[in-house]
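The file start.json comes next; it holds JSON, C-alpha atoms.
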```json
[["chain", "number", "residue", "atom", "x", "y", "z"],
["W", 1, "MET", "CA", 211.43, 189.84, 83.31],
["W", 2, "ARG", "CA", 213.88, 191.85, 81.28],
["W", 3, "ASP", "CA", 217.36, 193.23, 81.52],
["W", 4, "ASN", "CA", 218.00, 196.91, 80.93],
["W", 5, "GLY", "CA", 217.86, 198.27, 77.41],
["W", 6, "ARG", "CA", 215.81, 200.62, 75.32],
["W", 7, "VAL", "CA", 213.56, 199.03, 72.75],
["W", 8, "THR", "CA", 211.98, 201.74, 70.68],
["W", 9, "SER", "CA", 210.76, 205.29, 71.02],
["W", 10, "ALA", "CA", 207.06, 205.98, 70.77],
["W", 11, "THR", "CA", 205.13, 209.06, 71.80],
["W", 12, "ARG", "CA", 205.86, 211.75, 74.37],
["W", 13, "GLN", "CA", 202.22, 212.56, 75.18],
["W", 14, "PRO", "CA", 199.67, 210.23, 76.82],
["W", 15, "GLU", "CA", 196.79, 209.11, 74.64],
["W", 16, "THR", "CA", 193.77, 208.10, 76.71],
["W", 17, "PRO", "CA", 191.17, 205.74, 75.20],
["W", 18, "ALA", "CA", 187.59, 206.75, 75.87],
["W", 19, "SER", "CA", 185.62, 204.56, 78.30],
["W", 20, "THR", "CA", 182.54, 205.08, 80.41],
["W", 21, "VAL", "CA", 183.22, 202.06, 82.65],
["W", 22, "PRO", "CA", 184.91, 203.02, 85.94],
["W", 23, "PRO", "CA", 188.10, 201.03, 86.56],
["W", 24, "ARG", "CA", 188.13, 198.42, 89.33],
["W", 25, "LEU", "CA", 191.59, 196.94, 88.79],
["W", 26, "ILE", "CA", 194.93, 198.19, 87.50],
["W", 27, "ALA", "CA", 197.28, 195.54, 86.12],
["W", 28, "THR", "CA", 200.83, 196.71, 85.51],
["W", 29, "ASP", "CA", 204.01, 195.12, 84.32],
["W", 30, "LEU", "CA", 207.14, 196.04, 86.28],
["W", 31, "ASP", "CA", 210.42, 196.19, 84.32],
["W", 32, "GLY", "CA", 210.30, 198.84, 81.61],
["W", 33, "THR", "CA", 206.81, 199.84, 82.74],
["W", 34, "LEU", "CA", 206.24, 200.68, 86.41],
["W", 35, "LEU", "CA", 209.94, 200.60, 87.32],
["W", 36, "ARG", "CA", 212.41, 203.13, 86.04],
["W", 37, "ASP", "CA", 215.50, 201.80, 84.28],
["W", 38, "ASP", "CA", 217.42, 201.92, 87.58],
["W", 39, "LYS", "CA", 214.75, 199.52, 88.96],
["W", 40, "SER", "CA", 213.35, 202.14, 91.36],
["W", 41, "VAL", "CA", 209.71, 203.01, 91.98],
["W", 42, "SER", "CA", 209.49, 206.79, 91.83],
["W", 43, "PRO", "CA", 207.76, 208.76, 94.62],
["W", 44, "ARG", "CA", 205.17, 209.94, 92.09],
["W", 45, "THR", "CA", 204.37, 206.34, 91.15],
["W", 46, "VAL", "CA", 204.17, 205.24, 94.80],
["W", 47, "ALA", "CA", 201.71, 208.06, 95.46],
["W", 48, "ALA", "CA", 199.60, 207.19, 92.40],
["W", 49, "LEU", "CA", 199.36, 203.50, 93.37],
["W", 50, "ALA", "CA", 198.34, 204.41, 96.92],
["W", 51, "ALA", "CA", 195.73, 206.88, 95.64],
["W", 52, "ALA", "CA", 194.24, 204.21, 93.36],
["W", 53, "GLU", "CA", 193.92, 201.79, 96.28],
["W", 54, "ARG", "CA", 192.27, 204.49, 98.42],
["W", 55, "ALA", "CA", 189.78, 205.04, 95.59],
["W", 56, "GLY", "CA", 188.84, 201.34, 95.77],
["W", 57, "ILE", "CA", 190.82, 200.24, 92.69],
["W", 58, "GLU", "CA", 192.89, 197.09, 93.18],
["W", 59, "VAL", "CA", 196.46, 197.14, 91.87],
["W", 60, "PHE", "CA", 198.01, 193.93, 90.58],
["W", 61, "PHE", "CA", 201.66, 193.63, 89.60],
["W", 62, "VAL", "CA", 201.80, 191.26, 86.61],
["W", 63, "THR", "CA", 205.37, 190.39, 85.73],
["W", 64, "GLY", "CA", 207.75, 187.91, 84.19],
["W", 65, "ARG", "CA", 209.85, 188.10, 87.35],
["W", 66, "PRO", "CA", 210.00, 185.12, 89.71],
["W", 67, "ALA", "CA", 208.56, 185.61, 93.18],
["W", 68, "ARG", "CA", 212.01, 185.89, 94.76],
["W", 69, "TRP", "CA", 212.64, 189.07, 92.74],
["W", 70, "MET", "CA", 209.53, 190.83, 94.03],
["W", 71, "ASN", "CA", 211.03, 192.50, 97.08],
["W", 72, "ILE", "CA", 211.44, 195.62, 94.95],
["W", 73, "VAL", "CA", 207.66, 196.24, 95.11],
["W", 74, "SER", "CA", 206.65, 194.22, 98.17],
["W", 75, "ASP", "CA", 206.03, 197.44, 100.13],
["W", 76, "HIS", "CA", 203.42, 198.53, 97.57],
["W", 77, "VAL", "CA", 201.11, 195.48, 97.32],
["W", 78, "HIS", "CA", 198.63, 197.01, 99.82],
["W", 79, "GLY", "CA", 195.83, 194.97, 101.35],
["W", 80, "HIS", "CA", 195.53, 191.95, 99.05],
["W", 81, "GLY", "CA", 199.28, 191.34, 98.87],
["W", 82, "LEU", "CA", 199.03, 189.40, 95.61],
["W", 83, "ALA", "CA", 201.15, 189.52, 92.45],
["W", 84, "ILE", "CA", 201.13, 187.50, 89.25],
["W", 85, "CYS", "CA", 204.66, 186.23, 88.59],
["W", 86, "GLY", "CA", 206.48, 184.21, 85.95],
["W", 87, "ASN", "CA", 204.30, 185.49, 83.07],
["W", 88, "GLY", "CA", 201.20, 184.01, 84.69],
["W", 89, "ALA", "CA", 202.74, 180.79, 86.01],
["W", 90, "ALA", "CA", 202.08, 181.77, 89.63],
["W", 91, "VAL", "CA", 199.93, 183.97, 91.81],
["W", 92, "VAL", "CA", 201.95, 184.84, 94.89],
["W", 93, "ASP", "CA", 201.07, 186.33, 98.28],
["W", 94, "LEU", "CA", 203.96, 188.65, 99.09],
["W", 95, "HIS", "CA", 202.88, 189.48, 102.64],
["W", 96, "GLY", "CA", 205.60, 187.31, 104.16],
["W", 97, "GLY", "CA", 208.37, 189.33, 102.57],
["W", 98, "PRO", "CA", 211.42, 188.08, 100.62],
["W", 99, "GLY", "CA", 211.93, 184.34, 101.01],
["W", 100, "ALA", "CA", 208.63, 183.85, 102.84],
["W", 101, "HIS", "CA", 206.12, 184.33, 100.02],
["W", 102, "ARG", "CA", 203.23, 181.90, 99.59],
["W", 103, "PHE", "CA", 202.13, 180.46, 96.24],
["W", 104, "VAL", "CA", 198.36, 180.90, 95.96],
["W", 105, "LYS", "CA", 198.03, 179.50, 92.43],
["W", 106, "VAL", "CA", 200.57, 177.60, 90.30],
["W", 107, "ARG", "CA", 200.19, 176.86, 86.58],
["W", 108, "GLU", "CA", 203.16, 174.64, 85.96],
["W", 109, "LEU", "CA", 204.96, 173.54, 82.82],
["W", 110, "ALA", "CA", 204.71, 169.74, 82.74],
["W", 111, "ARG", "CA", 208.13, 168.12, 82.49],
["W", 112, "ARG", "CA", 207.08, 166.16, 79.40],
["W", 113, "ASN", "CA", 206.19, 169.42, 77.66],
["W", 114, "ALA", "CA", 209.39, 171.02, 78.93],
["W", 115, "LEU", "CA", 211.55, 168.20, 77.57],
["W", 116, "ASP", "CA", 209.73, 168.38, 74.22],
["W", 117, "ALA", "CA", 210.35, 172.13, 74.11],
["W", 118, "VAL", "CA", 214.06, 171.72, 74.81],
["W", 119, "ARG", "CA", 214.41, 169.02, 72.16],
["W", 120, "LEU", "CA", 212.47, 170.83, 69.45],
["W", 121, "LEU", "CA", 214.15, 174.17, 70.05],
["W", 122, "ARG", "CA", 217.61, 172.57, 70.06],
["W", 123, "GLU", "CA", 216.78, 171.17, 66.63],
["W", 124, "ALA", "CA", 215.35, 174.44, 65.31],
["W", 125, "ALA", "CA", 218.01, 176.73, 66.83],
["W", 126, "PRO", "CA", 221.29, 174.94, 67.54],
["W", 127, "GLY", "CA", 223.32, 176.69, 70.21],
["W", 128, "THR", "CA", 220.34, 177.50, 72.46],
["W", 129, "ALA", "CA", 221.18, 177.44, 76.18],
["W", 130, "TYR", "CA", 218.60, 176.81, 78.89],
["W", 131, "ALA", "CA", 217.73, 177.67, 82.48],
["W", 132, "ILE", "CA", 214.90, 176.22, 84.56],
["W", 133, "GLU", "CA", 212.68, 178.19, 86.95],
["W", 134, "GLN", "CA", 210.91, 176.26, 89.70],
["W", 135, "THR", "CA", 208.71, 177.67, 92.42],
["W", 136, "TYR", "CA", 211.70, 178.22, 94.71],
["W", 137, "GLY", "CA", 214.74, 177.20, 92.66],
["W", 138, "PHE", "CA", 216.74, 178.35, 89.65],
["W", 139, "HIS", "CA", 218.95, 175.94, 87.66],
["W", 140, "GLN", "CA", 220.84, 176.27, 84.39],
["W", 141, "GLU", "CA", 223.10, 174.66, 81.86],
["W", 142, "PRO", "CA", 226.84, 175.34, 82.26],
["W", 143, "HIS", "CA", 226.99, 177.43, 79.07],
["W", 144, "TYR", "CA", 223.88, 179.51, 79.84],
["W", 145, "PRO", "CA", 225.13, 183.13, 80.07],
["W", 146, "LYS", "CA", 225.25, 185.07, 83.31],
["W", 147, "LEU", "CA", 222.13, 187.13, 82.67],
["W", 148, "HIS", "CA", 220.66, 187.14, 86.15],
["W", 149, "MET", "CA", 221.95, 188.45, 89.47],
["W", 150, "GLU", "CA", 222.00, 185.07, 91.19],
["W", 151, "VAL", "CA", 223.94, 181.82, 91.43],
["W", 152, "PRO", "CA", 222.09, 178.77, 90.05],
["W", 153, "ASP", "CA", 221.34, 175.92, 92.43],
["W", 154, "ILE", "CA", 222.31, 173.17, 89.96],
["W", 155, "LEU", "CA", 224.44, 173.23, 86.79],
["W", 156, "LEU", "CA", 223.48, 170.47, 84.33],
["W", 157, "ALA", "CA", 222.15, 169.96, 80.81],
["W", 158, "ALA", "CA", 218.46, 170.80, 80.59],
["W", 159, "GLU", "CA", 217.53, 167.22, 79.68],
["W", 160, "GLU", "CA", 219.21, 165.98, 82.87],
["W", 161, "LEU", "CA", 217.62, 168.71, 84.96],
["W", 162, "LEU", "CA", 214.14, 167.89, 83.68],
["W", 163, "ASP", "CA", 214.43, 164.10, 83.94],
["W", 164, "ARG", "CA", 212.09, 162.80, 86.64],
["W", 165, "ARG", "CA", 215.01, 160.77, 88.01],
["W", 166, "GLY", "CA", 217.25, 163.83, 87.94],
["W", 167, "PRO", "CA", 218.42, 166.11, 90.75],
["W", 168, "LEU", "CA", 215.72, 168.80, 90.68],
["W", 169, "PRO", "CA", 213.62, 169.21, 93.83],
["W", 170, "ASP", "CA", 210.07, 167.87, 93.61],
["W", 171, "GLU", "CA", 208.63, 171.31, 92.90],
["W", 172, "PRO", "CA", 206.62, 172.58, 89.91],
["W", 173, "VAL", "CA", 208.53, 173.90, 86.92],
["W", 174, "LEU", "CA", 207.19, 177.40, 86.20],
["W", 175, "LYS", "CA", 209.07, 178.18, 83.01],
["W", 176, "ILE", "CA", 212.14, 177.55, 80.90],
["W", 177, "LEU", "CA", 214.46, 180.34, 79.82],
["W", 178, "ALA", "CA", 216.07, 179.82, 76.41],
["W", 179, "HIS", "CA", 218.94, 182.04, 75.25],
["W", 180, "HIS", "CA", 220.63, 182.29, 71.86],
["W", 181, "ALA", "CA", 223.83, 184.23, 71.39],
["W", 182, "SER", "CA", 223.36, 185.34, 67.79],
["W", 183, "LEU", "CA", 219.72, 185.21, 66.67],
["W", 184, "ASP", "CA", 217.57, 188.32, 66.37],
["W", 185, "PRO", "CA", 215.20, 188.37, 69.38],
["W", 186, "ASP", "CA", 211.97, 188.64, 67.39],
["W", 187, "ALA", "CA", 213.14, 186.07, 64.84],
["W", 188, "PHE", "CA", 214.00, 183.69, 67.68],
["W", 189, "LEU", "CA", 210.53, 184.17, 69.17],
["W", 190, "THR", "CA", 208.81, 183.44, 65.85],
["W", 191, "LEU", "CA", 210.99, 180.39, 65.23],
["W", 192, "ALA", "CA", 210.29, 178.99, 68.70],
["W", 193, "ARG", "CA", 206.54, 179.47, 68.44],
["W", 194, "LEU", "CA", 206.50, 177.62, 65.13],
["W", 195, "ALA", "CA", 208.72, 174.82, 66.46],
["W", 196, "LEU", "CA", 206.82, 174.27, 69.72],
["W", 197, "GLY", "CA", 203.26, 174.77, 68.50],
["W", 198, "GLU", "CA", 200.69, 173.98, 71.21],
["W", 199, "ARG", "CA", 203.14, 172.20, 73.50],
["W", 200, "ALA", "CA", 204.02, 175.40, 75.36],
["W", 201, "ALA", "CA", 203.48, 179.16, 75.45],
["W", 202, "VAL", "CA", 206.51, 181.17, 74.29],
["W", 203, "THR", "CA", 207.15, 184.87, 74.80],
["W", 204, "ARG", "CA", 209.95, 187.29, 75.62],
["W", 205, "SER", "CA", 210.52, 190.34, 77.79],
["W", 206, "SER", "CA", 214.22, 191.01, 77.26],
["W", 207, "PRO", "CA", 215.83, 193.08, 74.51],
["W", 208, "SER", "CA", 218.22, 190.14, 73.99],
["W", 209, "ALA", "CA", 217.37, 186.78, 72.39],
["W", 210, "LEU", "CA", 216.03, 185.35, 75.66],
["W", 211, "LEU", "CA", 212.74, 183.45, 75.46],
["W", 212, "GLU", "CA", 210.41, 182.47, 78.30],
["W", 213, "ILE", "CA", 208.58, 179.16, 77.86],
["W", 214, "SER", "CA", 205.52, 178.35, 80.00],
["W", 215, "GLY", "CA", 202.76, 175.77, 80.06],
["W", 216, "PRO", "CA", 200.19, 175.70, 77.25],
["W", 217, "GLY", "CA", 197.78, 178.60, 77.56],
["W", 218, "VAL", "CA", 199.71, 180.21, 80.40],
["W", 219, "SER", "CA", 200.16, 183.96, 80.02],
["W", 220, "LYS", "CA", 199.80, 187.14, 81.99],
["W", 221, "ALA", "CA", 196.37, 187.57, 80.39],
["W", 222, "SER", "CA", 194.97, 184.14, 81.18],
["W", 223, "THR", "CA", 196.02, 184.23, 84.83],
["W", 224, "LEU", "CA", 194.85, 187.81, 85.25],
["W", 225, "ALA", "CA", 191.49, 186.76, 83.76],
["W", 226, "LEU", "CA", 191.23, 183.99, 86.39],
["W", 227, "CYS", "CA", 192.00, 186.44, 89.21],
["W", 228, "CYS", "CA", 189.47, 188.95, 87.88],
["W", 229, "ALA", "CA", 186.77, 186.30, 87.49],
["W", 230, "GLU", "CA", 187.25, 185.33, 91.14],
["W", 231, "ARG", "CA", 186.57, 188.97, 92.05],
["W", 232, "GLY", "CA", 183.66, 189.50, 89.67],
["W", 233, "ILE", "CA", 185.70, 191.99, 87.64],
["W", 234, "SER", "CA", 185.09, 192.17, 83.89],
["W", 235, "PRO", "CA", 187.79, 192.93, 81.29],
["W", 236, "GLU", "CA", 186.12, 196.30, 80.68],
["W", 237, "GLU", "CA", 186.88, 197.24, 84.31],
["W", 238, "VAL", "CA", 190.61, 196.54, 83.96],
["W", 239, "VAL", "CA", 193.32, 199.06, 83.02],
["W", 240, "ALA", "CA", 196.61, 197.43, 81.95],
["W", 241, "PHE", "CA", 200.14, 198.70, 81.26],
["W", 242, "GLY", "CA", 203.09, 197.07, 79.50],
["W", 243, "ASP", "CA", 206.09, 197.44, 77.23],
["W", 244, "MET", "CA", 207.22, 194.06, 75.84],
["W", 245, "PRO", "CA", 205.81, 191.08, 73.89],
["W", 246, "ASN", "CA", 204.94, 189.18, 77.09],
["W", 247, "ASP", "CA", 202.42, 191.97, 77.77],
["W", 248, "VAL", "CA", 200.61, 191.80, 74.42],
["W", 249, "GLU", "CA", 197.89, 189.31, 75.43],
["W", 250, "MET", "CA", 197.15, 191.20, 78.66],
["W", 251, "LEU", "CA", 196.90, 194.53, 76.85],
["W", 252, "SER", "CA", 194.61, 193.02, 74.22],
["W", 253, "TRP", "CA", 192.37, 191.49, 76.91],
["W", 254, "ALA", "CA", 191.95, 194.52, 79.15],
["W", 255, "GLY", "CA", 189.21, 197.03, 78.45],
["W", 256, "ARG", "CA", 191.74, 199.87, 78.59],
["W", 257, "SER", "CA", 195.43, 199.33, 77.98],
["W", 258, "TYR", "CA", 198.49, 201.53, 77.63],
["W", 259, "ALA", "CA", 201.77, 200.97, 75.85],
["W", 260, "MET", "CA", 204.71, 202.74, 77.41],
["W", 261, "GLY", "CA", 206.63, 205.33, 75.42],
["W", 262, "ASN", "CA", 209.57, 202.89, 75.34],
["W", 263, "ALA", "CA", 207.42, 199.96, 74.18],
["W", 264, "HIS", "CA", 208.10, 197.25, 71.60],
["W", 265, "PRO", "CA", 206.21, 197.80, 68.29],
["W", 266, "ASP", "CA", 203.95, 194.77, 68.95],
["W", 267, "VAL", "CA", 202.88, 196.35, 72.23],
["W", 268, "LEU", "CA", 202.11, 199.67, 70.54],
["W", 269, "ALA", "CA", 199.89, 197.79, 68.10],
["W", 270, "ALA", "CA", 198.08, 195.80, 70.83],
["W", 271, "ALA", "CA", 197.32, 198.59, 73.32],
["W", 272, "SER", "CA", 194.29, 200.85, 73.08],
["W", 273, "GLY", "CA", 196.27, 203.83, 74.34],
["W", 274, "ARG", "CA", 199.79, 205.15, 74.89],
["W", 275, "THR", "CA", 201.56, 206.91, 77.69],
["W", 276, "VAL", "CA", 205.03, 208.33, 78.22],
["W", 277, "ALA", "CA", 208.08, 206.19, 78.99],
["W", 278, "ASN", "CA", 208.79, 204.36, 82.23],
["W", 279, "ASN", "CA", 211.50, 206.88, 83.17],
["W", 280, "GLU", "CA", 208.85, 209.61, 82.88],
["W", 281, "ASP", "CA", 206.39, 207.84, 85.21],
["W", 282, "GLY", "CA", 203.99, 206.88, 82.42],
["W", 283, "VAL", "CA", 201.90, 204.61, 84.66],
["W", 284, "ALA", "CA", 201.47, 207.35, 87.26],
["W", 285, "VAL", "CA", 200.48, 209.86, 84.55],
["W", 286, "VAL", "CA", 197.56, 207.67, 83.47],
["W", 287, "ILE", "CA", 196.47, 206.74, 87.00],
["W", 288, "GLU", "CA", 196.34, 210.42, 87.95],
["W", 289, "GLU", "CA", 194.17, 211.14, 84.90],
["W", 290, "LEU", "CA", 191.87, 208.20, 85.69],
["W", 291, "LEU", "CA", 191.41, 209.29, 89.29],
["W", 292, "ALA", "CA", 190.75, 212.87, 88.26],
["W", 293, "GLY", "CA", 187.94, 211.65, 86.02],
["W", 294, "LEU", "CA", 186.16, 209.62, 88.70],
["W", 295, "PRO", "CA", 182.87, 211.00, 90.04]]
```
Produce structure tokens that represent the structure in this file.
Amino acid sequence: MRDNGRVTSATRQPETPASTVPPRLIATDLDGTLLRDDKSVSPRTVAALAAAERAGIEVFFVTGRPARWMNIVSDHVHGHGLAICGNGAAVVDLHGGPGAHRFVKVRELARRNALDAVRLLREAAPGTAYAIEQTYGFHQEPHYPKLHMEVPDILLAAEELLDRRGPLPDEPVLKILAHHASLDPDAFLTLARLALGERAAVTRSSPSALLEISGPGVSKASTLALCCAERGISPEEVVAFGDMPNDVEMLSWAGRSYAMGNAHPDVLAAASGRTVANNEDGVAVVIEELLAGLP
């Protein structure tokens, strides 16, 4: 999940890593990757995704977005209807449409770990403000900035929200959002990872100092690996696309991976290949090349 904003400029020409293993699954991030900056899916990209499915290649959307923000691509999930949301915290069946999605797999952040994360990060970075993502709800502290296009269900301090005797519905916590008004985004990420250690997984997908905190070991990569194992798909048969630090593990895991032309430097270092920017349909460019090379 990320708000709009350019991160860095990379290359204008696709670079395709060599591989002799035919692809069986395409895993693509959404914001800054598959979606253009205006949050649209271009006609060229729609056509490329459909062509991949016709060729027998599954397409998985793997995003930091919560399930309720997936209506933007719900028309393009094809037969399986599944997406990985919340940076790997949930696998969601989108067939029911907005508001009627079904959670197939949930990898929650235990409230004890969540409370530890809030406490430790408050100590390490005073002034941090928090929001809480549950399977169906979104809650935040009163001073958490208006970063998202929605009204929170409950406004309370994070410690009160996460207390078992508190007002939150009895639903799994998928992740915590932590925002700092003045820290450098990458410095904030490094600080949080040092402060939290193994208690939680910390990443970011926004150009601002907004961190996303999930359960230990939860990432796009680890949940994608579970989904692929269920299908008998090896990492070498996966092609992945991304642009921000929350994509790094997935790009490192996949047999072939592409950093977008607008990608963060860590993503450029992790990916085995590069393509053009999201506004230039970089995902579609690579899919077209892959399909052209199939026997």
Would you kindly return, as a PyMOL selection string, each protein, DNA or RNA residue with an atom no farther than 12 Å from any atom of Arg68 of chain W, considering all atoms listed in the file and excluding same-chain residues fewer than 2 positions away? chain W and resi 64-66+70-74+83+85-86+90+92-94+96-103+133-138+149-150
For Tyr144 of chain W, which of W:Gly217, W:Pro172, W:Gly127, W:Pro22 is the closest residue, counting all atoms listed in the file?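 Among W:Gly217, W:Pro172, W:Gly127, W:Pro22, it is W:Gly127 that comes nearest to Tyr144 of chain W.
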Close residues, Ala124 of chain W itself excluded, 8 Å, only C-alpha atoms, min 6 positions apart in chain, as a ChimeraX atom specification: /W:191-192,195
Using only C-alpha atoms, which protein or nucleic acid residues come within 10 Å of Arg256 of chain W? Drop anything in the same chain fewer than 2 positions from it, and give the result as a list of chain:residue names.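 Near neighbours after the sequence-gap exclusion: W:Thr16, W:Pro17, W:Ala18, W:Ser19, W:Val21, W:Pro23, W:Ile26, W:Pro235, W:Glu236, W:Glu237, W:Val238, W:Val239, W:Ala240, W:Phe241, W:Leu251, W:Ser252, W:Trp253, W:Ala254, W:Tyr258, W:Ala271, W:Ser272, W:Gly273.
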Figure out the distance between atom CA of Arg204 of chain W and atom CA of Ala284 of chain W, please, to one decimal in Å.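 It comes out at 24.7 Å.
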Using only C-alpha atoms, pick whichever of W:Gly293, W:Leu35, W:Asp184, W:Arg24 has the shortest atom-to-atom distance to Asp243 of chain W. W:Leu35
Taking (207.9, 200.2, 82.2) in the file's coordinates, which residues come within 7 Å, counting all atoms listed in the file, written as a list of chain:residue names? W:Asp29, W:Leu30, W:Asp31, W:Gly32, W:Thr33, W:Leu34, W:Leu35, W:Arg36, W:Gly242, W:Asp243, W:Met260, W:Ala277, W:Asn278
Closest to Pro145 of chain W among W:Leu189, W:Ala263, W:His95, W:His180, using all atoms listed in the file? W:His180
Near-Glu58 of chain W list (8 Å; all atoms listed in the file; drop same-chain fewer than 2 positions) as a PyMOL selection string: chain W and resi 24-26+52-53+56+60
Atom CA of Leu161 of chain W and atom CA of Ala131 of chain W, how far apart in Å?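 About the pair atom CA of Ala131 of chain W and atom CA of Leu161 of chain W: they are 9.3 Å apart.
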Write out as a list in words the residues lying within 12 Å of Pro126 of chain W, counting only C-alpha atoms and excluding same-chain residues fewer than 6 positions away.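 That gives Val118, Arg119, Leu120, Ala178, His179, His180, Ala181, Ser182, Leu183, Phe188, Leu191 and Ala192 of chain W.
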For atom CA of Thr20 of chain W and atom CA of Leu294 of chain W, quote the distance in Å rounded to one decimal.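 Atom-to-atom, atom CA of Thr20 of chain W to atom CA of Leu294 of chain W, that is 10.1 Å.
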